[in-house]
Every structure is written in structure tokens, then in C-alpha cells.
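Trainee: Pasting model_22.txt below, which is compact mmCIF, C-alpha atoms and all ligand atoms.
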```txt
# COMPACT_ATOMS: atom_id res chain seq x y z
CA MET F 572 123.44 87.71 83.81
CA LYS F 573 123.19 90.75 81.55
CA TYR F 574 119.78 92.48 81.59
CA VAL F 575 119.07 90.86 84.93
CA GLU F 576 121.59 92.06 87.55
CA GLU F 577 121.16 95.78 86.72
CA TYR F 578 117.46 95.44 87.40
CA ARG F 579 118.09 94.00 90.86
CA ASP F 580 120.11 96.98 92.16
CA PRO F 581 118.91 97.27 95.80
CA GLU F 582 120.09 100.87 96.22
CA LEU F 583 118.15 102.04 93.18
CA GLY F 584 115.13 100.07 94.36
CA LYS F 585 115.24 101.68 97.82
CA LYS F 586 115.42 105.19 96.38
CA LEU F 587 112.56 104.58 93.95
CA LEU F 588 110.40 103.14 96.72
CA GLU F 589 111.11 106.24 98.80
CA LYS F 590 109.87 108.40 95.91
CA ILE F 591 106.70 106.31 95.66
CA ARG F 592 106.14 106.76 99.39
CA GLN F 593 106.46 110.53 98.99
CA TYR F 594 103.94 111.04 96.25
CA SER F 595 101.46 108.19 96.69
CA HIS F 596 98.50 109.48 98.74
CA LYS F 597 95.32 107.81 97.46
CA PRO F 598 94.37 104.40 98.85
CA ILE F 599 94.62 102.16 95.78
CA LYS F 600 94.35 98.54 94.67
CA LEU F 601 96.71 97.28 91.98
CA MET F 602 96.37 93.89 90.33
CA GLU F 603 99.32 92.05 88.89
CA PHE F 604 97.71 89.94 86.21
CA CYS F 605 100.62 87.57 85.62
CA GLY F 606 101.59 84.68 87.91
CA GLY F 607 105.25 85.33 87.11
CA HIS F 608 104.83 88.83 88.52
CA THR F 609 103.15 87.42 91.64
CA VAL F 610 106.16 85.20 92.26
CA ALA F 611 108.62 88.09 91.75
CA ILE F 612 106.60 90.40 94.02
CA PHE F 613 106.60 87.81 96.82
CA LYS F 614 110.19 86.73 96.29
CA TYR F 615 111.47 90.29 96.69
CA GLY F 616 109.00 91.16 99.46
CA LEU F 617 107.58 94.08 97.49
CA ARG F 618 104.18 93.94 99.14
CA GLN F 619 105.77 94.85 102.48
CA LEU F 620 108.02 97.49 100.96
CA LEU F 621 105.18 99.47 99.38
CA PRO F 622 103.40 102.13 101.46
CA PRO F 623 100.29 100.86 103.30
CA ASN F 624 97.88 102.76 101.04
CA ILE F 625 98.88 100.53 98.11
CA GLU F 626 97.25 97.11 98.11
CA MET F 627 98.40 94.44 95.66
CA LEU F 628 96.06 91.73 94.34
CA SER F 629 96.97 88.71 92.23
CA GLY F 630 95.07 88.01 89.03
CA PRO F 631 94.27 85.01 86.81
CA GLY F 632 97.56 85.03 84.89
CA CYS F 633 98.64 81.45 85.48
CA PRO F 634 97.82 79.31 82.41
CA VAL F 635 97.99 76.05 84.33
CA CYS F 636 95.66 77.38 87.04
CA VAL F 637 93.01 78.75 84.68
CA THR F 638 92.73 75.53 82.68
CA ALA F 639 89.22 74.34 83.49
CA ALA F 640 88.50 70.84 84.80
CA PRO F 641 86.62 69.67 81.64
CA ASP F 642 89.64 70.62 79.49
CA LEU F 643 91.99 68.77 81.80
CA ASP F 644 89.68 65.77 81.62
CA LYS F 645 90.00 65.87 77.82
CA ALA F 646 93.79 65.73 78.06
CA ILE F 647 93.57 62.78 80.45
CA ALA F 648 91.03 61.00 78.20
CA LEU F 649 93.38 61.46 75.23
CA SER F 650 96.19 59.82 77.20
CA LYS F 651 94.07 56.66 77.55
CA ILE F 652 93.69 56.19 73.80
CA PRO F 653 95.97 53.34 72.59
CA ASN F 654 99.12 54.41 70.73
CA VAL F 655 98.86 58.03 71.86
CA ILE F 656 101.87 59.75 73.39
CA ILE F 657 100.96 62.85 75.41
CA THR F 658 103.56 65.59 75.52
CA SER F 659 103.07 68.42 77.97
CA PHE F 660 104.78 71.14 79.98
CA GLY F 661 105.68 69.82 83.42
CA ASP F 662 103.22 71.57 85.75
CA MET F 663 100.21 70.50 83.73
CA VAL F 664 100.96 66.83 84.35
CA ARG F 665 100.39 67.15 88.10
CA VAL F 666 97.13 69.10 88.01
CA PRO F 667 94.22 67.05 89.33
CA GLY F 668 91.35 66.76 86.84
CA SER F 669 87.88 65.63 87.89
CA TYR F 670 88.87 62.02 88.46
CA SER F 671 92.57 61.68 87.74
CA SER F 672 95.64 63.56 86.50
CA LEU F 673 98.05 63.01 83.64
CA GLN F 674 100.58 61.86 86.22
CA GLN F 675 98.17 59.28 87.54
CA ALA F 676 97.32 58.17 83.99
CA LYS F 677 101.05 57.70 83.41
CA ALA F 678 101.33 55.57 86.55
CA GLU F 679 98.48 53.47 85.13
CA GLY F 680 100.30 52.91 81.87
CA SER F 681 99.62 55.92 79.63
CA ASP F 682 102.59 57.33 77.74
CA VAL F 683 102.88 60.86 79.14
CA ARG F 684 106.09 62.78 78.55
CA ILE F 685 107.14 66.13 79.95
CA VAL F 686 108.73 68.43 77.40
CA TYR F 687 110.36 71.83 77.70
CA SER F 688 109.42 72.99 74.21
CA THR F 689 107.19 72.04 71.27
CA GLN F 690 110.52 71.37 69.53
CA ASP F 691 110.91 68.37 71.84
CA ALA F 692 107.36 67.24 71.06
CA LEU F 693 108.12 67.40 67.32
CA ALA F 694 111.25 65.31 67.86
CA ILE F 695 109.21 62.69 69.72
CA ALA F 696 106.74 62.60 66.80
CA GLN F 697 109.61 62.07 64.40
CA GLU F 698 111.08 59.24 66.47
CA ASN F 699 107.71 57.48 66.83
CA PRO F 700 106.11 57.41 63.36
CA ASP F 701 103.68 54.63 64.36
CA LYS F 702 102.33 56.57 67.36
CA ALA F 703 100.20 59.72 67.57
CA VAL F 704 101.92 62.49 69.50
CA VAL F 705 99.57 65.02 71.12
CA PHE F 706 100.93 68.21 72.62
CA ILE F 707 98.74 69.72 75.37
CA GLY F 708 98.71 73.33 74.23
CA ILE F 709 98.26 75.54 77.24
CA GLY F 710 99.50 79.08 77.67
CA PHE F 711 98.74 82.66 76.76
CA GLU F 712 99.90 84.77 73.82
CA THR F 713 103.51 84.22 74.93
CA THR F 714 103.30 80.50 74.24
CA ALA F 715 100.66 80.24 71.49
CA PRO F 716 103.02 81.50 68.72
CA THR F 717 105.56 78.81 69.64
CA VAL F 718 102.85 76.19 69.26
CA ALA F 719 101.73 77.74 65.96
CA ALA F 720 105.36 77.59 64.81
CA SER F 721 105.46 73.89 65.66
CA ILE F 722 102.39 73.21 63.49
CA LEU F 723 103.99 74.97 60.54
CA GLN F 724 107.17 73.01 61.14
CA ALA F 725 105.20 69.75 61.24
CA GLU F 726 103.69 70.78 57.90
CA GLN F 727 107.13 71.51 56.43
CA GLU F 728 108.52 68.22 57.67
CA LYS F 729 105.40 66.37 56.47
CA LEU F 730 104.78 64.90 59.91
CA LYS F 731 101.52 62.97 59.97
CA ASN F 732 101.41 62.05 63.65
CA TYR F 733 101.62 65.40 65.44
CA TYR F 734 98.52 66.95 67.08
CA ILE F 735 97.69 69.87 69.35
CA LEU F 736 94.99 70.00 72.00
CA SER F 737 94.58 73.78 71.88
CA LEU F 738 93.64 75.14 75.28
CA HIS F 739 95.36 78.46 74.62
CA LYS F 740 93.91 81.59 76.11
CA ILE F 741 94.30 85.26 75.38
CA CYS F 742 94.54 87.92 78.03
CA PRO F 743 92.72 91.19 77.22
CA PRO F 744 89.25 89.54 77.02
CA ILE F 745 89.64 87.95 80.46
CA MET F 746 90.71 91.29 81.91
CA LYS F 747 87.50 92.73 80.48
CA ALA F 748 85.48 89.82 81.90
CA ILE F 749 86.93 90.36 85.38
CA LEU F 750 86.30 94.10 85.25
CA ASP F 751 82.74 93.55 84.00
CA ARG F 752 81.97 91.21 86.89
CA GLY F 753 82.73 94.14 89.17
CA GLU F 754 83.67 91.90 92.10
CA VAL F 755 86.96 93.67 92.68
CA LYS F 756 87.60 97.38 92.43
CA ILE F 757 90.97 97.85 90.77
CA ASN F 758 92.70 101.18 90.19
CA GLY F 759 95.62 99.91 88.17
CA ILE F 760 96.84 96.79 86.39
CA ILE F 761 100.40 95.55 85.92
CA TYR F 762 100.23 94.02 82.45
CA PRO F 763 102.05 90.74 81.70
CA GLY F 764 105.50 91.44 80.25
CA HIS F 765 105.97 88.47 77.99
CA VAL F 766 102.38 88.36 76.75
CA SER F 767 102.97 92.01 75.83
CA ALA F 768 106.21 91.12 74.04
CA ILE F 769 103.91 89.41 71.53
CA ILE F 770 100.75 91.56 71.51
CA GLY F 771 102.26 94.99 72.30
CA ALA F 772 100.51 97.79 74.19
CA LYS F 773 97.46 98.57 72.07
CA PRO F 774 95.18 95.65 73.05
CA TYR F 775 95.00 97.07 76.62
CA GLN F 776 94.09 100.62 75.57
CA PHE F 777 90.34 100.01 76.06
CA ILE F 778 90.99 99.43 79.77
CA ALA F 779 92.35 102.97 80.16
CA ASP F 780 89.73 104.50 77.84
CA ASP F 781 86.55 102.66 78.82
CA TYR F 782 87.26 101.60 82.40
CA HIS F 783 89.51 104.49 83.45
CA ILE F 784 92.05 102.09 84.94
CA ALA F 785 95.78 102.82 84.99
CA GLY F 786 98.11 100.34 83.31
CA ALA F 787 101.80 99.52 83.05
CA ILE F 788 103.52 96.76 81.10
CA ALA F 789 106.26 95.39 83.35
CA GLY F 790 109.33 93.18 83.31
CA PHE F 791 110.07 90.61 85.97
CA GLU F 792 112.97 91.98 88.00
CA PRO F 793 112.36 93.98 91.19
CA ILE F 794 113.35 97.30 89.58
CA ASP F 795 110.97 96.54 86.69
CA LEU F 796 108.09 96.02 89.10
CA ILE F 797 108.90 99.10 91.17
CA HIS F 798 109.07 101.05 87.90
CA ALA F 799 105.60 99.79 86.96
CA VAL F 800 104.11 100.64 90.38
CA ASP F 801 105.70 104.08 90.12
CA SER F 802 104.05 104.58 86.74
CA LEU F 803 100.66 103.37 88.03
CA VAL F 804 100.82 105.61 91.11
CA MET F 805 101.67 108.63 88.92
CA GLN F 806 98.80 107.88 86.55
CA ILE F 807 96.37 107.46 89.43
CA GLU F 808 97.53 110.51 91.43
CA HIS F 809 97.21 112.65 88.28
CA ASP F 810 93.97 110.95 87.30
CA HIS F 811 95.40 110.15 83.88
CA PRO F 812 95.05 106.42 83.14
CA MET F 813 97.00 105.11 80.16
CA VAL F 814 99.03 102.07 79.08
CA GLU F 815 102.65 102.80 79.88
CA ASN F 816 105.29 100.43 78.60
CA THR F 817 107.87 100.24 81.41
CA TYR F 818 109.50 97.13 79.88
CA ARG F 819 110.82 98.76 76.75
CA ARG F 820 113.90 96.56 76.45
CA GLY F 821 111.69 93.50 75.92
CA VAL F 822 108.40 94.89 74.60
CA LYS F 823 107.83 96.93 71.47
CA ASP F 824 104.61 98.95 71.52
CA ALA F 825 103.54 97.19 68.33
CA GLY F 826 104.40 93.75 69.72
CA ASN F 827 106.15 91.01 67.76
CA ILE F 828 104.70 91.20 64.26
CA PRO F 829 106.15 87.93 62.86
CA ALA F 830 104.84 86.08 65.94
CA LEU F 831 101.39 87.68 65.64
CA ARG F 832 101.24 86.71 61.96
CA LEU F 833 102.18 83.14 62.73
CA MET F 834 99.63 82.88 65.51
CA ASP F 835 96.94 84.31 63.27
CA ALA F 836 97.83 81.95 60.43
CA VAL F 837 97.30 78.88 62.59
CA PHE F 838 94.71 79.89 65.20
CA GLU F 839 91.38 81.66 65.18
CA VAL F 840 89.81 83.36 68.16
CA GLY F 841 86.98 81.49 69.88
CA GLU F 842 85.53 81.07 73.35
CA ALA F 843 87.50 79.47 76.16
CA ASN F 844 86.62 77.94 79.52
CA TRP F 845 88.42 79.59 82.46
CA ARG F 846 88.51 77.98 85.86
CA GLY F 847 86.47 80.00 88.31
CA ILE F 848 85.12 82.24 85.58
CA GLY F 849 83.54 79.97 82.96
CA MET F 850 83.16 80.42 79.23
CA VAL F 851 84.48 83.76 78.00
CA PRO F 852 83.82 84.69 74.36
CA GLY F 853 86.84 85.70 72.30
CA SER F 854 89.32 84.54 74.94
CA GLY F 855 90.56 81.32 73.39
CA LEU F 856 92.46 80.12 70.34
CA ASN F 857 91.27 77.24 68.17
CA VAL F 858 93.21 75.59 65.36
CA ARG F 859 91.99 76.94 62.01
CA GLU F 860 90.19 74.63 59.58
CA LYS F 861 93.19 74.80 57.25
CA TYR F 862 95.28 73.00 59.88
CA ALA F 863 92.49 70.69 61.10
CA LYS F 864 94.66 67.62 60.54
CA TYR F 865 96.80 68.78 63.50
CA ASP F 866 93.81 69.44 65.77
CA ALA F 867 93.47 66.70 68.40
CA GLU F 868 89.79 67.56 68.99
CA LYS F 869 89.00 66.89 65.33
CA ASN F 870 91.05 63.71 64.95
CA PHE F 871 90.22 61.74 68.09
CA THR F 872 86.97 60.82 69.76
CA ILE F 873 87.46 62.24 73.22
CA LYS F 874 84.99 60.87 75.76
CA THR F 875 84.80 62.47 79.20
CA ALA F 876 82.45 62.06 82.15
CA PRO F 877 80.76 65.16 83.65
CA SER F 878 83.47 67.20 85.30
CA LYS F 879 83.68 68.28 88.93
CA GLU F 880 85.79 70.72 90.88
CA PRO F 881 88.10 69.60 93.69
CA LYS F 882 86.02 69.68 96.88
CA GLY F 883 86.72 72.66 99.14
CA CYS F 884 89.13 74.31 96.69
CA ILE F 885 88.53 78.06 96.25
CA CYS F 886 91.07 78.41 93.44
CA GLY F 887 88.43 80.01 91.19
CA ALA F 888 87.82 82.86 93.66
CA VAL F 889 91.58 83.26 94.13
CA LEU F 890 92.01 83.58 90.35
CA ARG F 891 89.37 86.31 90.19
CA GLY F 892 91.17 88.27 92.89
CA VAL F 893 88.20 88.06 95.28
CA SER F 894 89.86 85.72 97.78
CA THR F 895 93.35 84.76 98.88
CA PRO F 896 94.89 81.33 99.44
CA ASP F 897 95.14 81.79 103.22
CA LYS F 898 91.30 81.97 103.30
CA CYS F 899 91.08 78.42 101.92
CA LYS F 900 90.39 75.85 104.64
CA LEU F 901 92.60 73.30 102.89
CA PHE F 902 95.62 75.62 102.48
CA ARG F 903 98.76 74.17 104.13
CA LYS F 904 96.61 71.44 105.72
CA THR F 905 95.42 68.94 103.11
CA CYS F 906 96.66 71.07 100.20
CA THR F 907 100.45 71.42 99.87
CA PRO F 908 102.82 71.47 96.88
CA GLU F 909 103.54 67.76 97.53
CA HIS F 910 99.82 66.92 97.61
CA PRO F 911 98.04 69.66 95.68
CA VAL F 912 94.24 69.66 95.76
CA GLY F 913 93.81 72.40 93.16
CA PRO F 914 95.89 73.75 90.28
CA CYS F 915 96.79 76.97 92.12
CA MET F 916 98.97 74.83 94.40
CA VAL F 917 100.53 72.84 91.54
CA SER F 918 101.92 75.52 89.29
CA SER F 919 105.06 77.15 90.65
CA GLU F 920 103.44 80.47 89.83
CA GLY F 921 99.99 79.67 91.17
CA SER F 922 98.94 81.98 93.99
CA CYS F 923 98.57 79.15 96.50
CA ALA F 924 102.05 77.75 95.78
CA THR F 925 103.49 81.28 96.01
CA TYR F 926 101.77 81.96 99.36
CA TYR F 927 102.95 78.55 100.54
CA GLN F 928 106.55 79.27 99.67
CA TYR F 929 106.85 82.91 100.69
CA GLY F 930 104.17 83.42 103.37
CA ASP F 931 101.14 85.61 102.78
CA GLY F 932 103.43 88.43 101.70
CA ASP F 933 101.58 90.91 103.85
CA GLY F 934 103.74 91.37 106.88
CA ARG F 935 102.17 94.65 107.86
CA MET V 930 104.59 79.92 82.66
CA CYS V 931 105.31 82.92 80.50
CA LEU V 932 108.83 82.89 81.89
CA ALA V 933 111.47 84.14 79.47
CA VAL V 934 115.18 84.64 80.11
CA PRO V 935 117.88 86.60 78.25
CA ALA V 936 119.94 84.47 75.85
CA LEU V 937 122.92 85.60 73.78
CA ILE V 938 122.95 84.40 70.17
CA LYS V 939 126.31 82.83 69.27
CA SER V 940 125.61 81.41 65.82
CA ILE V 941 122.70 81.04 63.43
CA LYS V 942 121.85 78.29 60.96
CA GLY V 943 118.57 78.76 59.12
CA GLN V 944 115.81 79.23 61.70
CA GLN V 945 117.86 77.68 64.48
CA ALA V 946 120.52 79.35 66.62
CA VAL V 947 123.01 78.35 69.27
CA ALA V 948 122.59 80.58 72.30
CA ASP V 949 124.27 81.11 75.63
CA ILE V 950 121.92 81.29 78.59
CA ASP V 951 123.92 82.37 81.62
CA GLY V 952 126.79 80.03 80.72
CA VAL V 953 124.64 77.18 79.39
CA THR V 954 124.67 76.57 75.64
CA ARG V 955 121.59 75.31 73.85
CA GLU V 956 119.86 75.30 70.52
CA ILE V 957 116.94 77.67 70.17
CA SER V 958 114.45 78.54 67.44
CA LEU V 959 114.39 81.96 65.77
CA GLN V 960 111.09 81.31 63.97
CA LEU V 961 109.43 84.14 65.89
CA THR V 962 112.35 86.60 65.63
CA PRO V 963 113.64 86.07 62.09
CA GLU V 964 115.55 89.38 62.20
CA ALA V 965 117.75 88.33 65.17
CA LYS V 966 121.52 88.51 64.55
CA VAL V 967 124.59 86.95 66.12
CA GLY V 968 125.48 89.06 69.18
CA ASP V 969 121.84 89.97 69.94
CA TYR V 970 120.28 89.14 73.26
CA VAL V 971 116.82 87.64 72.94
CA LEU V 972 114.14 86.71 75.44
CA LEU V 973 113.93 82.93 75.37
CA HIS V 974 110.62 81.20 76.13
CA THR V 975 110.15 77.40 75.84
CA GLY V 976 112.94 77.09 73.28
CA TYR V 977 111.86 80.03 71.11
CA ALA V 978 113.21 83.58 71.03
CA ILE V 979 110.08 85.71 71.49
CA SER V 980 111.69 89.15 71.39
CA ILE V 981 115.03 90.78 70.67
CA ILE V 982 116.24 92.73 73.69
CA ASP V 983 116.69 96.38 72.76
CA ALA V 984 120.06 97.38 74.24
CA GLU V 985 119.43 101.11 73.80
CA GLU V 986 116.05 100.97 75.51
CA ALA V 987 117.61 98.97 78.35
CA GLU V 988 120.18 101.76 78.92
CA GLU V 989 117.55 104.48 78.59
CA THR V 990 115.25 102.90 81.17
CA LEU V 991 118.04 102.60 83.74
CA LYS V 992 119.20 106.14 83.07
CA LEU V 993 115.68 107.49 83.50
CA LEU V 994 115.14 105.55 86.72
CA ARG V 995 118.45 106.73 88.17
CA GLU V 996 117.46 110.30 87.40
CA VAL V 997 114.08 109.84 89.08
CA ALA V 998 115.78 108.27 92.10
CA GLU V 999 118.25 111.14 92.49
CA ALA V 1000 115.85 114.01 91.70
CA ASP V 1001 115.10 116.55 94.45
CA ASN V 1002 111.44 117.14 95.03
S1 LIG B 1 95.04 75.99 98.81
FE1 LIG B 1 94.67 74.23 97.44
S2 LIG B 1 92.53 73.73 97.75
FE2 LIG B 1 92.82 75.80 98.54
S3 LIG B 1 92.37 77.19 96.83
FE3 LIG B 1 94.56 76.77 96.75
S4 LIG B 1 94.76 75.04 95.35
FE4 LIG B 1 92.60 75.11 95.97
```
When written as C-alpha cells, how does the structure in this file appear?
Mentor:
Amino acid sequence: MKYVEEYRDPELGKKLLEKIRQYSHKPIKLMEFCGGHTVAIFKYGLRQLLPPNIEMLSGPGCPVCVTAAPDLDKAIALSKIPNVIITSFGDMVRVPGSYSSLQQAKAEGSDVRIVYSTQDALAIAQENPDKAVVFIGIGFETTAPTVAASILQAEQEKLKNYYILSLHKICPPIMKAILDRGEVKINGIIYPGHVSAIIGAKPYQFIADDYHIAGAIAGFEPIDLIHAVDSLVMQIEHDHPMVENTYRRGVKDAGNIPALRLMDAVFEVGEANWRGIGMVPGSGLNVREKYAKYDAEKNFTIKTAPSKEPKGCICGAVLRGVSTPDKCKLFRKTCTPEHPVGPCMVSSEGSCATYYQYGDGDGR
Amino acid sequence: MCLAVPALIKSIKGQQAVADIDGVTREISLQLTPEAKVGDYVLLHTGYAISIIDAEEAEETLKLLREVAEADN
């Protein structure tokens, strides 16, 4: 596939890694924020290929994983309301909430449908005018504009039975929250490529300026990731932290202006509940009053019991980068991709699922 | 979840386009990339083009990396 194969060139990768080995001297910790990056790093064995002074940590960039139990419980409660059809991305359906999951609700008779796109959810709303179709809106800035677009489309098409449960989250504030906790000392961050395709480079600048942490926006092929590590190592060795865009083919420094406008038209920034971290101000997106008729929270009475975390699951600590899946007592024993205990084992890009599939990625 | 793959735009009708994704044809939305043209590659995420791939930048990046890889110290 064009724009993929060239960035998998093993010869180029080997030579670039050799360069990194030559000029990387300081012992450093780099965090890849995005779960998609974690998967790519493990899949291509990059952790083992980097020199031993470079340690890689995984961050909270898996939207399914960071969805907090009380929010999941809301989605499940909505599915129990008569004449409601729940539409959701696939992974979300399998995540255990406090007492059940959407999958279990479906087995008990709820109408829960997996969709690939909000376009599919809109089509279901059109085909079922006497039912209420609720889309479970999870995802970061990559996904939120697509959900905003669906609300505007529903408006255009005068759909009266389409709703969003907005659990969207935005990335820079959670990076700040993690840095402010001070639990992990990070020297550089690999910024999420497709979040950046929407928001651009500027929203990360405060991390270089105020926290003196190196940064590189990266694509998802092995050469992209090596390029980003190369940039981070250079910044750190020269003590010159910045936000370098190493994914220029996909990310404009200014981001995607039409998408940002759309997102801003439909959503306003508010607080959001992150698994393992809690409420973080300014890190969530709520449907604006103007579009309240599409907001599931405002149109349904959602009753949930007090939430609880899966017993023994350390997913929260894994998401903060302070622990790793292999430290969890349940990992590979009671918790497997077939029988996940926590969300980090459900999502294909959750750290636990990635460790399960590719080993702990630290062969040295 | 923020997965996006390159898709080649074959035809456009309003805000919708037909795109080729590694040999598979499907309909995608251009609501977020209204300036996309037939022949452009876009990054496709959950049915929406979220960015137009910049062919020049793609070449530049590879050229730069090859130079770095071959440079003497
Ligand atoms: S292995 Fe399972 S139980 Fe343990 S932290 Fe990961 S998701 Fe939670």
C-alpha cells in the first residue's frame, strides 16, 4: 500500500537505529502516549532494537481503556431502556462495567449493534424511526469530529431519533495531569499521530516550554517511530526540548481546521472521568446546549448503581505508566483476551492485550 | 482506536467519495476534508477522511531520513 511500504523499509530502519545508538548517551525514558503506537512498537520489536539506555513506557492513549466504570455503566443502563438501540464501536461492547457489559446486556435482550462509523449509526436511525438510536461516543480528538459531523448530518436530515452519549476525551490536558502527578519521570513524549492530524502541533507546546520535555509527533509505521525516537534523542542530547512534527505527510502544524471548527460547533470542553486518574478538568467534550436534543444524557433518565472497579485489576496504574501488565496478578491467568477482566485486555490496543500478544517486549 | 489508513479517492459526489483502500472500494465521508480532490490520498478513520496525505512532504521525509542514514559522522 502506498505511504505504508516505504515506511517499513528494514534497511533504512537498521541504519537509522545504528545512528541512534551512536549518539544516544543519556539514560532516558520516553512515553508513547497512543495505544496504536504501543501496538506498532511491540509488533516491530522496537523496544529490543533501541539501545539499553532508552526505556519506553506506554501511556493512557487508548480511548476504550480510559473510559471510566461509571461512564460504562451509563452506556449499559441506556441499553436497558425500552426501544433504545445502542450503536457502538466494537471493543467498547466487550468492556466489563461494574456489573455487566454491553455484550452481556445484548445477550439479555438489549439491542446493541456494533458499527464501524457514525455513518452506520445514522443509517440505523433512519431505518428505525420508531426507536431511539444512541451512539456511544468514545474516542479522542481523532474521532470526536466524526461524531460532531454525524450530529450536523442528523440535523440536516431532520432525524429525531439519533443521540450521542459523549464520553469523548482530549489529550493535552491528560498529558498535563500525568506530568503534574509526578509519578513517572519522562524525558520525551511521542505524540499521537492521528490526534495531531486534527489538533496540530501547538497544543503540546506547553509541555516543551513549561515541563522541559522533548516531543515528537509520529506516524504509525516502524520508520515513523524510529524517526520520532531519533528526534527525541537529538532534542534530549542537545537539551533543546520542542515539538517536532515527524509525521508531516499526515499532520499539518496547524491541524485540520475544518474538523476543529466542526468539533467546536458541536462540543464544548468540560471535565472528564479517566480510569485510573479520575476527573480531569478541561479534558472532555460535552454536547453544546444548541444541540441538546441529540445529547443522550439530557434526553434519557439514566439510573446507575454506585460503580466499582474490577477486583485485582491494575489497569489504572498501567494507564498512568507507573506499572506494567506483567505486574498484574491476573495477567495471563484469569485475565486473557477471551475473558478480559479489565478494559486494557479488551481493546486490541490496550497495553495488557499488547503484552499478551507480543510478550513483554523487553527481551533484554 | 485512532487508527487511520491511506485511501485513494476515486470519485466525489457532494460530501461523499468512493475510495480505494488497498484494493477494497468503499464509500467515505469528506465532511472533515472538504478540499480533497479525486486522486488524493487521505487518512481514513471510522469512515471519515481526517487528513489529506501530503505527497511532497512524504517524499521529503524519506529523502531526509535516507540522508541521515547514509551520513558519515
Ligand atoms: S491484565 Fe487484566 S486485570 Fe490485569 S491490569 Fe490488565 S486488564 Fe486489568
Trainee: Would you compute the distance between atom CA of Thr954 of chain V and atom CA of Glu698 of chain F? Give it in Å to one decimal.
Mentor: 23.9 Å
Trainee: From the list V:Glu986, V:Asp949, V:Glu964, V:Glu999, which residue is nearest Ala936 of chain V when using all atoms listed in the file?
Mentor: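 Selected residue with least distance to Ala936 of chain V: V:Asp949.
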Trainee: Could you please extract the residues within 6 Å of ligand LIG 1 (chain B), counting only C-alpha atoms and all ligand atoms, and hand them back as a list in words?
Mentor: Cys884, Ile885, Cys886, Pro896, Cys899, Leu901, Phe902, Cys906, Pro911, Val912, Gly913, Pro914, Cys915, Met916 and Cys923 of chain F
Trainee: So that I can see what lies close to Lys879 of chain F, please list as a list in words the residues with an atom at most 10 Å from it, counting all atoms listed in the file and leaving out residues fewer than 4 positions away in the same chain.
Mentor: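 The neighbour list is Ala639, Ala640, Pro641, Asp644, Gly668, Ser669 and Tyr670 of chain F.
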Trainee: Pull the closest atom pair for each residue of chain V that gets at most 7 Å from chain F, along with the distance in Å to one decimal, counting all atoms listed in the file, ordering rows by chain and then ascending residue number, as CSV.
Mentor:
```
residue,atom,partner,partner_atom,distance
V:Met930,CA,F:Cys633,CA,6.8
V:Cys931,CA,F:Thr713,CA,6.0
V:Leu932,CA,F:Gly607,CA,6.8
V:Asp951,CA,F:Met572,CA,5.8
V:Gln960,CA,F:Ala720,CA,6.9
V:Leu961,CA,F:Ala830,CA,5.0
V:Thr962,CA,F:Pro829,CA,6.9
V:Thr975,CA,F:Ser688,CA,4.8
V:Gly976,CA,F:Ser688,CA,5.5
V:Tyr977,CA,F:Thr717,CA,6.6
V:Ser980,CA,F:Gly821,CA,6.3
V:Ile981,CA,F:Gly821,CA,6.8
V:Ile982,CA,F:Gly821,CA,5.1
V:Asp983,CA,F:Arg820,CA,4.6
V:Ala984,CA,F:Arg820,CA,6.6
V:Glu986,CA,F:Arg820,CA,5.0
V:Ala987,CA,F:Arg820,CA,4.8
V:Arg995,CA,F:Leu583,CA,6.9
V:Ala998,CA,F:Leu587,CA,5.2
```
Trainee: Quick one: pull the distance between atom CA of Lys729 of chain F and atom CA of Gln697 of chain F, Å, one decimal.
Mentor: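 Value for the atom CA of Lys729 of chain F-atom CA of Gln697 of chain F distance: 10.0 Å.
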Trainee: Have a look at atom CA of Ile707 of chain F and atom CA of His910 of chain F and let me know their distance in Å, one decimal.
Mentor: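 Value for the atom CA of Ile707 of chain F-atom CA of His910 of chain F distance: 22.4 Å.
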Trainee: Identify which of the residues F:Ala648, F:Gly630, F:Glu880, F:Leu693 lies closest to Glu726 of chain F, counting only C-alpha atoms when measuring atom-to-atom distances.
Mentor: F:Leu693
Trainee: Which residues are near Ile950 of chain V? Cut-off 8 Å, all atoms listed in the file, ignore same chain within fewer than 3 positions. Put them as a compact mmCIF listing (two decimals) with C-alpha atoms, in the coordinates of the input.
Mentor:
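Result written to selection03.txt:
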```
# COMPACT_ATOMS: atom_id res chain seq x y z
CA VAL V 934 115.18 84.64 80.11
CA PRO V 935 117.88 86.60 78.25
CA ALA V 936 119.94 84.47 75.85
CA LEU V 937 122.92 85.60 73.78
CA VAL V 953 124.64 77.18 79.39
CA THR V 954 124.67 76.57 75.64
CA ARG V 955 121.59 75.31 73.85
```
Trainee: Counting all atoms listed in the file, figure out which residue out of V:Glu996, V:Asp1001, V:Gly952, V:Ala946 gets nearest to Asp969 of chain V.
Mentor: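 So, comparing all the options, the nearest one is V:Ala946.
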